[in-house]
Every structure is written in C-alpha cells, then in structure tokens.
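The next block is model29.txt, given as compact mmCIF, C-alpha atoms.
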```txt
# COMPACT_ATOMS: atom_id res chain seq x y z
CA MET A 1 107.96 -4.89 57.36
CA ASN A 2 104.82 -2.97 56.51
CA ASP A 3 104.24 -5.28 53.57
CA GLN A 4 104.49 -8.26 55.88
CA VAL A 5 102.02 -6.74 58.36
CA GLY A 6 99.66 -5.86 55.52
CA GLY A 7 99.95 -9.37 54.14
CA ASN A 8 99.22 -10.89 57.54
CA GLN A 9 96.19 -8.69 57.98
CA LYS A 10 94.96 -9.56 54.53
CA ARG A 11 95.41 -13.27 55.21
CA ALA A 12 93.65 -12.96 58.54
CA ARG A 13 90.79 -11.14 56.90
CA PHE A 14 90.48 -13.76 54.19
CA GLN A 15 90.65 -16.52 56.77
CA ALA A 16 87.86 -14.88 58.76
CA LEU A 17 85.83 -14.60 55.57
CA CYS A 18 86.32 -18.32 54.86
CA GLN A 19 85.42 -19.15 58.43
CA SER A 20 82.18 -17.19 58.31
CA LEU A 21 81.07 -18.56 54.95
CA ARG A 22 82.17 -22.15 55.40
CA PRO A 23 79.06 -23.56 57.17
CA ASP A 24 76.72 -22.35 54.45
CA LEU A 25 79.12 -23.42 51.71
CA LEU A 26 79.24 -26.88 53.24
CA ARG A 27 75.44 -26.96 53.35
CA PHE A 28 75.24 -25.83 49.75
CA ALA A 29 77.71 -28.51 48.67
CA PHE A 30 75.74 -31.10 50.64
CA TRP A 31 72.49 -30.24 48.91
CA LEU A 32 74.28 -30.10 45.57
CA SER A 33 75.84 -33.53 45.97
CA ARG A 34 73.50 -35.13 48.54
CA ASP A 35 76.62 -36.69 50.00
CA ARG A 36 78.19 -35.28 53.14
CA ALA A 37 81.64 -36.78 52.63
CA LEU A 38 81.76 -35.55 49.06
CA ALA A 39 80.55 -32.14 50.17
CA GLU A 40 83.38 -31.90 52.68
CA ASP A 41 85.93 -32.83 50.02
CA VAL A 42 84.49 -30.31 47.58
CA VAL A 43 84.48 -27.50 50.13
CA GLN A 44 88.00 -28.33 51.21
CA GLU A 45 89.21 -28.18 47.61
CA THR A 46 87.24 -24.98 47.16
CA MET A 47 88.91 -23.36 50.17
CA LEU A 48 92.34 -24.28 48.86
CA ARG A 49 91.58 -22.93 45.40
CA ALA A 50 90.08 -19.79 46.89
CA TRP A 51 93.11 -19.32 49.10
CA LYS A 52 95.41 -19.47 46.12
CA ALA A 53 93.21 -17.14 44.10
CA GLN A 54 92.30 -14.70 46.86
CA ASP A 55 93.90 -11.79 45.02
CA THR A 56 91.27 -12.11 42.32
CA LEU A 57 88.51 -11.35 44.80
CA ALA A 58 88.37 -7.59 44.50
CA ASP A 59 85.29 -7.01 46.61
CA GLU A 60 84.55 -9.03 49.74
CA ALA A 61 80.87 -8.26 49.34
CA ALA A 62 80.99 -10.47 46.25
CA ALA A 63 82.63 -13.34 48.13
CA LYS A 64 79.57 -15.54 48.39
CA PRO A 65 78.86 -15.86 44.65
CA TRP A 66 82.61 -16.14 44.06
CA PHE A 67 82.84 -19.15 46.40
CA LEU A 68 79.66 -20.66 44.99
CA THR A 69 81.09 -20.55 41.48
CA ILE A 70 84.25 -22.31 42.67
CA ILE A 71 82.20 -24.94 44.50
CA ARG A 72 80.05 -25.66 41.48
CA ARG A 73 83.11 -26.02 39.25
CA GLU A 74 84.86 -28.21 41.80
CA TYR A 75 81.79 -30.40 42.16
CA ALA A 76 81.52 -30.71 38.38
CA ARG A 77 85.15 -31.84 38.24
CA THR A 78 84.55 -34.42 40.97
CA PHE A 79 81.45 -35.57 39.19
CA GLU A 80 83.39 -36.03 35.95
CA ARG A 81 86.16 -37.91 37.74
CA LYS A 82 83.82 -40.30 39.49
CA ARG A 83 81.59 -40.73 36.46
CA PHE A 84 78.37 -41.30 38.37
CA VAL A 85 75.87 -42.81 35.96
CA THR A 86 72.68 -43.35 37.91
CA VAL A 87 71.42 -42.02 41.17
CA ASP A 88 69.26 -44.17 43.39
CA VAL A 89 67.48 -41.64 45.58
CA ASP A 90 66.38 -44.21 48.14
CA GLU A 91 69.98 -45.36 48.45
CA LEU A 92 71.13 -41.76 48.91
CA VAL A 93 68.50 -41.16 51.56
CA ALA A 94 69.51 -44.36 53.36
CA ARG A 95 73.21 -43.45 53.21
CA GLU A 96 72.65 -39.97 54.60
CA GLU A 97 70.00 -41.12 57.08
CA PRO A 98 71.97 -40.19 60.21
CA MET A 99 72.24 -36.63 58.97
CA LEU A 100 68.71 -36.37 57.66
CA ALA A 101 67.25 -37.94 60.76
CA ALA A 102 69.27 -35.60 62.94
CA ALA A 103 66.41 -33.16 62.57
CA GLU A 104 64.82 -32.49 65.90
CA GLU A 105 61.41 -32.52 64.26
CA GLU A 106 59.94 -35.25 62.14
CA GLU A 107 58.61 -32.73 59.64
CA LEU A 108 62.14 -31.46 58.96
CA ALA A 109 63.37 -34.99 58.26
CA GLU A 110 60.43 -35.39 55.90
CA MET A 111 61.29 -32.15 54.13
CA ARG A 112 64.93 -33.18 53.79
CA ALA A 113 63.98 -36.51 52.27
CA ALA A 114 61.70 -34.65 49.84
CA LEU A 115 64.57 -32.30 48.92
CA PHE A 116 66.68 -35.35 48.09
CA LYS A 117 64.04 -36.42 45.60
CA LEU A 118 63.85 -33.10 43.75
CA PRO A 119 65.56 -33.09 40.35
CA ASP A 120 68.92 -31.32 40.43
CA GLU A 121 67.74 -28.52 38.13
CA TYR A 122 65.05 -27.62 40.65
CA ARG A 123 66.93 -28.27 43.87
CA GLU A 124 69.95 -26.16 43.02
CA PRO A 125 68.21 -22.82 42.38
CA LEU A 126 66.01 -23.42 45.40
CA VAL A 127 69.03 -23.94 47.66
CA LEU A 128 70.74 -20.89 46.19
CA GLN A 129 67.67 -18.79 46.90
CA VAL A 130 66.59 -20.04 50.33
CA LEU A 131 69.85 -21.12 51.94
CA MET A 132 72.34 -18.80 50.25
CA GLY A 133 70.03 -15.80 49.98
CA LEU A 134 70.77 -15.12 46.31
CA SER A 135 68.41 -12.95 44.29
CA THR A 136 66.82 -14.20 41.10
CA ALA A 137 69.32 -12.20 39.05
CA GLU A 138 72.25 -13.67 41.00
CA ILE A 139 70.93 -17.21 40.55
CA ALA A 140 70.43 -16.56 36.85
CA ARG A 141 74.05 -15.42 36.57
CA GLU A 142 75.34 -18.36 38.56
CA LEU A 143 73.40 -20.97 36.58
CA ASP A 144 73.68 -19.18 33.26
CA LEU A 145 69.92 -19.03 32.81
CA SER A 146 67.44 -16.26 32.12
CA ALA A 147 65.63 -14.78 35.12
CA ALA A 148 62.35 -16.16 33.74
CA ALA A 149 63.82 -19.66 33.58
CA VAL A 150 65.03 -19.37 37.16
CA LEU A 151 61.59 -18.29 38.37
CA THR A 152 59.98 -21.18 36.51
CA ARG A 153 62.34 -23.66 38.12
CA LEU A 154 61.78 -22.17 41.55
CA PHE A 155 58.04 -22.37 41.09
CA ARG A 156 58.22 -26.00 39.97
CA ALA A 157 60.62 -26.85 42.79
CA ARG A 158 58.22 -25.60 45.45
CA LYS A 159 55.26 -27.15 43.70
CA GLN A 160 56.89 -30.60 43.66
CA LEU A 161 58.21 -30.20 47.15
CA ARG A 162 54.81 -29.31 48.54
CA VAL A 163 53.29 -32.40 46.95
CA LEU A 164 56.11 -34.61 48.23
CA CYS A 165 55.62 -33.22 51.74
CA GLY A 166 51.87 -33.83 51.64
CA GLU A 167 51.02 -30.13 51.93
CA ASP A 168 47.49 -28.93 51.32
CA THR A 169 47.88 -27.77 47.72
CA ARG A 170 44.26 -26.92 46.97
CA LEU A 171 45.10 -23.21 46.78
CA ASP A 172 48.29 -23.72 44.77
CA PRO A 173 48.31 -22.39 41.21
CA GLU A 174 48.03 -24.98 38.47
CA LYS A 175 50.89 -23.81 36.31
CA MET B 176 45.32 -5.62 38.77
CA MET B 177 47.12 -8.88 39.35
CA ASP B 178 44.96 -12.04 39.37
CA CYS B 179 45.13 -14.82 41.96
CA ASN B 180 46.96 -17.28 39.73
CA ALA B 181 49.69 -14.78 38.86
CA TYR B 182 50.02 -13.79 42.52
CA ARG B 183 50.37 -17.35 43.77
CA ARG B 184 52.75 -18.27 40.99
CA SER B 185 54.97 -15.31 41.82
CA MET B 186 54.93 -16.13 45.51
CA MET B 187 55.83 -19.76 44.88
CA ALA B 188 58.78 -18.65 42.77
CA ASP B 189 59.99 -16.08 45.32
CA PRO B 190 58.10 -15.70 48.61
CA ARG B 191 60.39 -12.76 49.54
CA ASP B 192 59.46 -10.77 46.45
CA ALA B 193 58.76 -7.24 47.69
CA ASP B 194 56.86 -6.14 44.57
CA PRO B 195 54.15 -3.76 45.88
CA ARG B 196 51.65 -5.26 43.43
CA LEU B 197 51.92 -8.52 45.36
CA SER B 198 51.20 -6.97 48.74
CA GLU B 199 48.38 -4.94 47.18
CA HIS B 200 46.75 -8.09 45.87
CA ARG B 201 47.32 -10.01 49.09
CA GLU B 202 45.65 -7.33 51.16
CA SER B 203 42.58 -7.37 48.96
CA CYS B 204 42.19 -11.14 48.56
CA HIS B 205 41.25 -13.39 51.46
CA ASP B 206 42.14 -16.66 49.71
CA CYS B 207 45.55 -15.39 48.64
CA ASN B 208 46.19 -14.14 52.15
CA LEU B 209 45.37 -17.64 53.40
CA PHE B 210 47.56 -19.18 50.73
CA THR B 211 50.45 -16.89 51.71
CA GLU B 212 50.24 -17.81 55.37
CA GLY B 213 50.50 -21.49 54.48
CA LEU B 214 53.30 -20.84 52.01
CA LEU B 215 55.33 -18.86 54.54
CA ARG B 216 54.96 -21.62 57.11
CA PHE B 217 56.19 -24.05 54.49
CA GLU B 218 59.05 -21.69 53.60
CA SER B 219 60.16 -21.48 57.19
CA ARG B 220 60.22 -25.27 57.42
CA LEU B 221 62.17 -25.43 54.15
CA ASP B 222 64.69 -22.91 55.47
CA ARG B 223 65.20 -24.90 58.66
CA ALA B 224 65.46 -28.18 56.73
CA LEU B 225 68.20 -26.78 54.50
CA HIS B 226 70.23 -25.74 57.54
CA VAL B 227 71.73 -29.16 58.15
CA ALA B 228 74.45 -29.35 60.78
CA ALA B 229 77.66 -27.85 59.39
CA PRO B 230 80.32 -27.41 62.03
CA ALA B 231 82.62 -24.47 61.39
CA ASP B 232 85.52 -26.07 63.19
CA ASN B 233 87.19 -27.50 60.16
CA VAL B 234 90.48 -26.84 58.49
CA LEU B 235 91.18 -23.54 56.85
CA PRO B 236 94.42 -23.16 54.95
CA LEU B 237 96.83 -21.10 56.99
CA ARG B 238 99.33 -20.77 54.21
CA ALA B 239 99.04 -20.44 50.49
CA LYS B 240 101.20 -23.52 50.19
CA ALA B 241 99.01 -25.65 52.42
CA ALA B 242 99.25 -29.32 51.58
CA ARG B 243 96.74 -30.50 49.04
CA LEU B 244 94.50 -33.11 50.62
CA PRO B 245 94.05 -36.09 48.35
CA ASN B 246 91.14 -37.61 50.22
CA ARG B 247 89.30 -37.68 53.51
CA ARG B 248 92.13 -39.45 55.31
CA GLY B 249 94.04 -36.24 54.82
CA TRP B 250 91.75 -34.59 57.31
CA LEU B 251 93.00 -36.86 60.06
CA ALA B 252 96.59 -36.19 59.10
CA MET B 253 95.89 -32.49 59.34
CA ALA B 254 94.33 -32.75 62.81
CA ALA B 255 97.02 -30.75 64.55
CA SER B 256 96.95 -27.95 62.01
CA VAL B 257 93.16 -27.97 62.10
CA LEU B 258 93.27 -27.30 65.79
CA MET B 259 95.85 -24.58 65.32
CA ALA B 260 93.90 -23.04 62.46
CA VAL B 261 90.74 -22.93 64.52
CA VAL B 262 92.49 -21.37 67.50
CA VAL B 263 94.29 -18.78 65.39
CA ALA B 264 91.16 -18.02 63.36
CA GLY B 265 89.13 -17.70 66.54
CA VAL B 266 91.60 -15.26 68.06
CA LEU B 267 91.80 -13.20 64.88
CA TRP B 268 88.03 -13.27 64.55
CA VAL B 269 87.51 -11.84 67.99
CA ALA B 270 90.47 -9.55 68.36
CA GLY B 271 91.11 -8.37 64.84
CA PRO B 272 90.12 -5.02 63.42
CA GLY B 273 86.74 -6.45 62.58
CA SER B 274 85.24 -9.02 60.30
CA SER B 275 84.02 -7.94 56.90
CA LEU B 276 80.46 -8.31 58.15
CA ALA B 277 81.10 -6.15 61.20
CA ALA B 278 82.88 -3.64 58.99
CA ASP B 279 79.89 -3.52 56.66
CA VAL B 280 77.53 -3.04 59.60
CA VAL B 281 79.64 -0.15 60.89
CA THR B 282 79.82 1.35 57.41
CA HIS B 283 76.05 1.16 57.22
CA MET B 284 75.78 3.16 60.47
CA GLY B 285 77.59 6.03 58.79
CA GLY B 286 74.86 6.23 56.19
CA GLU B 287 72.09 6.83 58.72
CA PRO B 288 73.49 9.04 61.49
CA ASP B 289 70.08 10.56 62.26
CA ALA B 290 68.74 7.20 63.40
CA TRP B 291 70.50 7.69 66.77
CA HIS B 292 68.88 11.05 67.46
CA THR B 293 65.22 10.07 67.58
CA HIS B 294 63.79 9.11 70.95
CA ALA B 295 60.02 8.93 70.52
CA PRO B 296 58.73 5.37 69.96
CA VAL B 297 57.75 4.57 66.40
CA LEU B 298 54.17 3.59 65.66
CA ASP B 299 53.40 -0.12 66.03
CA SER B 300 52.13 -0.21 62.45
CA GLU B 301 55.38 1.32 61.24
CA LEU B 302 57.44 -1.25 63.12
CA GLU B 303 55.28 -4.11 61.90
CA ALA B 304 55.66 -2.93 58.31
CA VAL B 305 59.44 -2.95 58.63
CA LEU B 306 59.53 -6.40 60.24
CA ARG B 307 56.89 -8.05 58.09
CA ASN B 308 59.15 -8.93 55.16
CA THR B 309 61.63 -10.59 57.50
CA HIS B 310 58.78 -12.59 59.04
CA LEU B 311 59.26 -11.56 62.61
CA ARG B 312 57.59 -9.64 65.40
CA LEU B 313 59.24 -7.90 68.32
CA THR B 314 57.65 -8.05 71.74
CA ALA B 315 57.78 -5.18 74.22
CA GLY B 316 60.54 -6.98 76.13
CA ALA B 317 63.10 -5.63 73.69
CA GLY B 318 62.46 -2.04 74.85
CA PRO B 319 61.00 1.00 73.09
CA VAL B 320 61.89 1.20 69.42
CA SER B 321 62.66 4.77 68.38
CA TYR B 322 63.72 4.13 64.81
CA ALA B 323 62.68 1.45 62.32
CA ALA B 324 63.66 1.24 58.69
CA SER B 325 64.07 -1.44 56.08
CA CYS B 326 67.59 -0.96 54.75
CA GLU B 327 69.49 -2.32 51.80
CA PHE B 328 72.38 -4.34 53.19
CA ARG B 329 74.53 -6.74 51.17
CA GLY B 330 71.84 -7.15 48.56
CA HIS B 331 68.93 -7.69 50.94
CA HIS B 332 66.45 -5.52 52.73
CA VAL B 333 67.01 -5.91 56.46
CA PRO B 334 65.34 -4.35 59.50
CA HIS B 335 67.43 -1.56 61.04
CA LEU B 336 66.13 -0.57 64.47
CA VAL B 337 67.21 1.72 67.26
CA ILE B 338 66.06 0.55 70.69
CA GLN B 339 66.21 2.69 73.80
CA THR B 340 67.80 0.78 76.68
CA GLU B 341 69.03 1.53 80.18
CA SER B 342 72.47 2.00 78.61
CA GLY B 343 71.23 4.41 75.97
CA PRO B 344 70.22 3.81 72.38
CA VAL B 345 71.44 0.67 70.64
CA THR B 346 71.17 -0.19 67.00
CA VAL B 347 69.88 -3.62 66.02
CA MET B 348 70.15 -5.08 62.55
CA VAL B 349 68.37 -8.35 61.82
CA LEU B 350 70.60 -10.15 59.33
CA VAL B 351 68.71 -13.27 58.32
CA HIS B 352 70.99 -13.77 55.31
CA GLU B 353 74.25 -13.49 57.20
CA ASN B 354 75.42 -16.49 59.17
CA VAL B 355 78.18 -16.37 61.72
CA PRO B 356 79.45 -19.54 63.36
CA LYS B 357 79.71 -17.97 66.80
CA PRO B 358 79.30 -14.58 68.49
CA VAL B 359 81.61 -11.90 67.11
CA ARG B 360 82.67 -8.92 69.21
CA PHE B 361 83.93 -5.87 67.43
CA GLU B 362 85.01 -2.34 68.14
CA GLU B 363 85.74 -0.04 65.27
CA GLY B 364 84.76 3.23 63.69
CA GLY B 365 83.53 4.56 67.02
CA TYR B 366 81.14 1.68 67.63
CA ARG B 367 81.22 -1.28 69.96
CA GLY B 368 79.05 -4.25 69.24
CA VAL B 369 78.38 -7.92 68.76
CA ILE B 370 77.04 -10.09 65.99
CA VAL B 371 75.37 -13.18 67.39
CA PRO B 372 74.16 -16.22 65.47
CA VAL B 373 70.42 -16.89 65.53
CA ALA B 374 69.68 -20.55 64.89
CA GLY B 375 68.00 -20.91 61.52
CA HIS B 376 67.64 -17.16 61.04
CA GLY B 377 71.09 -15.82 60.28
CA SER B 378 72.41 -13.37 62.82
CA LEU B 379 71.69 -10.27 64.84
CA ALA B 380 74.00 -7.25 65.02
CA VAL B 381 73.76 -5.02 68.09
CA LEU B 382 75.86 -1.84 68.36
CA THR B 383 76.39 1.01 70.75
CA ARG B 384 78.19 4.26 70.02
CA GLY B 385 81.49 4.92 71.71
CA SER B 386 83.12 2.56 74.14
CA SER B 387 81.47 3.48 77.42
CA THR B 388 79.14 0.48 77.42
CA ASP B 389 80.76 -2.75 78.57
CA ILE B 390 80.73 -5.40 75.84
CA LYS B 391 79.03 -7.82 78.26
CA VAL B 392 76.18 -5.35 78.62
CA VAL B 393 75.92 -5.19 74.81
CA GLU B 394 75.82 -8.99 74.72
CA ALA B 395 73.11 -9.03 77.37
CA ILE B 396 71.06 -6.56 75.31
CA ALA B 397 71.58 -8.73 72.23
CA ALA B 398 70.33 -11.77 74.15
CA ARG B 399 67.31 -9.81 75.35
CA VAL B 400 66.46 -8.62 71.86
CA GLU B 401 66.85 -12.11 70.46
CA ALA B 402 64.54 -13.47 73.15
CA SER B 403 61.99 -10.80 72.21
CA ILE B 404 61.78 -11.92 68.59
CA THR B 405 58.94 -14.12 67.44
CA TRP B 406 59.51 -15.61 64.00
CA THR B 407 56.23 -15.53 62.19
CA GLY B 408 57.25 -17.57 59.18
CA ALA B 409 56.89 -20.81 61.16
```

Using the file provided, produce a representation of the structure as structure tokens.
Amino acid sequence: MNDQVGGNQKRARFQALCQSLRPDLLRFAFWLSRDRALAEDVVQETMLRAWKAQDTLADEAAAKPWFLTIIRREYARTFERKRFVTVDVDELVAREEPMLAAAEEEELAEMRAALFKLPDEYREPLVLQVLMGLSTAEIARELDLSAAAVLTRLFRARKQLRVLCGEDTRLDPEK
Amino acid sequence: MMDCNAYRRSMMADPRDADPRLSEHRESCHDCNLFTEGLLRFESRLDRALHVAAPADNVLPLRAKAARLPNRRGWLAMAASVLMAVVVAGVLWVAGPGSSLAADVVTHMGGEPDAWHTHAPVLDSELEAVLRNTHLRLTAGAGPVSYAASCEFRGHHVPHLVIQTESGPVTVMVLVHENVPKPVRFEEGGYRGVIVPVAGHGSLAVLTRGSSTDIKVVEAIAARVEASITWTGA
C-alpha cells in the first residue's frame, strides 16, 4: 500500500516536472528544428522516453539538461529518418510565418526571422544559453565542445544576428 | 587591465558573465558602457523573440505504458486523455506537497534564516547592485526592502529580497530562469507562498512564514511586486 502511495507521489512529481519544463522544451525543439509540428513530435517522443526512464533521473535539479539531451537525440533520430538534404531558409520562414508573425512587435518578428537564418552550430548554443539558461560549461557538456569553442560560437552567433537585425554595430568588436 | 576589444568580445559571448573584471572595465570606460546598454537591449529582444508561444496544455503520459504516438494524428486520438492529463496534472500541481521548484525555494529559505529578522531598509545602492545583474529595478510601490542578496539558486544567481508589507515580511525571489506555465500555490516546510509566471522573464516566488496570511493576500502581494518591477534590459 505504502509502495503504491509512494509510486503515485513519485509519478505525480515527475508529471509536474514535465509540465513545468514542457513549454521551454517545446521552444527549444522549435528553434532546433525550425518546424513547429516536428518540434511537437520530438517533445512528445521525448516525454514518453523520459517517462519510461524516469528512474534514471537521480536529481530533479538536473532535469533540464537531462531532457535537453533526450530532445537532441530524438531530433537527431528524426533527422536521420527523414533524411533532410537541403534547407531553404526562406521556405522555412514562409512555412512558420503564422508563428513568427505572431509577435506583438515587428522587431520581434524580425529577430525571429534572423534566428532562422543563423547556422545551426551558432543558433543551438545561443538558444541553450538565452532560452534554457545553461551556463557555458553546461552548454559545452551538452554539445561536446570545449568552453572556448562554445564562447566563440556564442560570440559569432550574436555578431551575425546583430548584423541581420540591422543593429548599430560600430562599437562591436571585430573578432 | 582588460582592453575594450576583450571586454566587448566577452560580453557578446555571455552578457550575463559576472566576472568582476568586466564590471570594473565597464565602469571605467564610457564607450563600453554605451556598448553594453545597446547589447542588453538587444539581449532582451532576443530573449523575448525566443519565447515563442508554447502552450503547456498538451499531453503528458499518465502511465508508463502510454500509447506510443506514431504521428500528429495521434494527438487528436488522445484528446480525451489529454484533457484528463491536464486536469489531473493541474490538481496535483496545485494541491500536491509542492513542485520541485517550490520545494527548492523553501529549501533555500532554510539556508538564510536571518534574512527574516532584519527590518531596516537596505541602501538603494545595495538593492540596485543586487538587481543589476538580473536587469531590473524595483519601484517604491513594492514596499520597503529590508534584505537584498544575490543568491545561488539552481545554477544561477538570483535576487533574494525580503519586503516589509502590511502582512509582515515576505520573501521574494526573482527567478528569471525558471518558467512556470501558471501560478503555483504551495504550503510546505512552514511556508506559504506562490510562484507566478512573469511573461518573458521566468517567474517570481513570494513566500510568507507560517500559515496565518491568506494565500489570496500572498497572491495580491506577488501581483504588487510584479507591477513594481521595471525590466531594464529592454
């Protein structure tokens, strides 16, 4: 009886954890894939995998990177299955226009379109840092890069993004 | 001494970097100060742009043996269980022993018991220093702040304040890295409180000690504090 109560509490706790993280995980998957429908599929698969593997999550404080790792693997699997060869950014922007244009401010829509145009290797660490709140060390672990490489990518990501958004870059460092 | 190029490069890689050498350079260099203001405005816009709409009301597996969904049509087929999952999750979220986030907030209280015992307002400069890294200011409408510290919480430095209110002291934690889909009430460990979502800026935790303050009063204080925040990153 006690085992059953404990199990229910554990499930409820895990469910609450999923519920609280899900919006940001969906956002992360969206920026990873630039495809809302695909992002929803990936997050759904991720939740199911996480549910089955919940016993391996020893520390709830580590849940976010744990979920992110599952999402990235799941996305990679989807990517392999679908065998995308080329990516037409303008087509992606057009397809996701309702979502991108949902921004209440024009400048946000402009920023989102610019994010779509960033190379994956720059966009991903930037999203992990700004949206998911990961530290440089955490991003390095997640992407299997050195901290220096992560910082270089983050610098280049912002540099490109600022140019794409028409920011005043006169004070920006050269390299 | 750090030069301007190194400073700006570091800031563009991580605008939240709390390295004291960065703040030292910024304070002594007008152009870099100007550059930082522009960069933080840009950062705020980037943060808001990344927060695309992501409704929380989607399916969560209720059982380990939940049906595997082969494609998006599966979502429609699961509509009934989605609704049930949301209702059950919502009830558990509100009435359960506390979310992990709430539990962590309460645990954090235990580490700083003295924060409740100070009553004299902190210096404005002290408060500003604590809030600066989170890019916010607090107007007087929030009430007198008697304690302000930048605390390590879930891997980030977050403002931890105690505000004196008509209902006694309340603790406020500004959790810009912690998103909650909707307000969370909790009561555990001798604290009663709420965690409320703040659009584009994570969430705000507001706690009182004991259970003498009505939760609606706590929610009203949370709303007042939120209304007193000016985000300076924009």

Nearest candidate to chain A (options B:Asp389, B:Asp192, B:Glu199, B:Asp222; using all atoms listed in the file):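 With all atoms listed in the file as the atom set, the closest residue is B:Asp222.
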
What is the CA of Ala114 (chain A)-CA of Pro372 (chain B) distance in Å, reported with one decimal? 27.2 Å

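Residues in contact with Ala324 (chain B) at 7 Å, where all atoms listed in the file are counted and same-chain residues fewer than 5 positions away are skipped, are listed as Val305, Pro334, His335 and Leu336 of chain B.
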
Of the listed residues A:Leu126, A:Leu151, A:Leu25, A:Ala58, that which approaches chain B most closely, counting only C-alpha atoms: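 Nearest to chain B: A:Leu151.
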
Residues of chain A near chain B: apply a cut-off of 8 Å, count all atoms listed in the file, and supply the list as a VMD selection string. chain A and resid 12 to 13 15 to 24 26 to 27 31 37 41 44 to 45 47 to 48 51 to 52 60 to 61 99 to 100 103 107 to 109 111 to 112 127 130 to 133 135 151 to 156 158 to 159 171 to 175

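With all atoms listed in the file as the basis for measurement, A:Val42 is the residue among A:Ala137, A:Val42, A:Leu143, A:Leu164 that approaches Ile71 (chain A) most closely.
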
Atom-to-atom span, CA of Leu118 (chain A) and CA of Ile70 (chain A), Å: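 Answer for the CA of Leu118 (chain A) to CA of Ile70 (chain A) separation: 23.1 Å.
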
Would you give the centre and edge lengths, in Å to one decimal, of a box along x, y and z around the listed atoms of region 379-390 of chain B, with 4 Å added to each side, as JSON?
```
{"center_x": 77.4, "center_y": -2.7, "center_z": 71.7, "size_x": 19.4, "size_y": 23.2, "size_z": 21.7}
```

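Coordinates place CA of Thr383 (chain B) at a distance of 27.5 Å from CA of Ala63 (chain A).
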
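You can rank B:Arg360, B:Arg384, B:Arg196, B:Lys391 by their closest distance to Ala290 (chain B) using only C-alpha atoms, and at the top of that list sits B:Arg384.
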
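Comparing A:Arg123, A:Val43, A:Arg11, A:Glu142 by their smallest distance to Thr69 (chain A), the closest is A:Glu142 (using all atoms listed in the file).
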
Please determine, counting only C-alpha atoms, which residue among A:Phe116, A:Phe14, A:Tyr122, A:Phe67 has the shortest atom-to-atom distance to Cys165 (chain A). A:Phe116
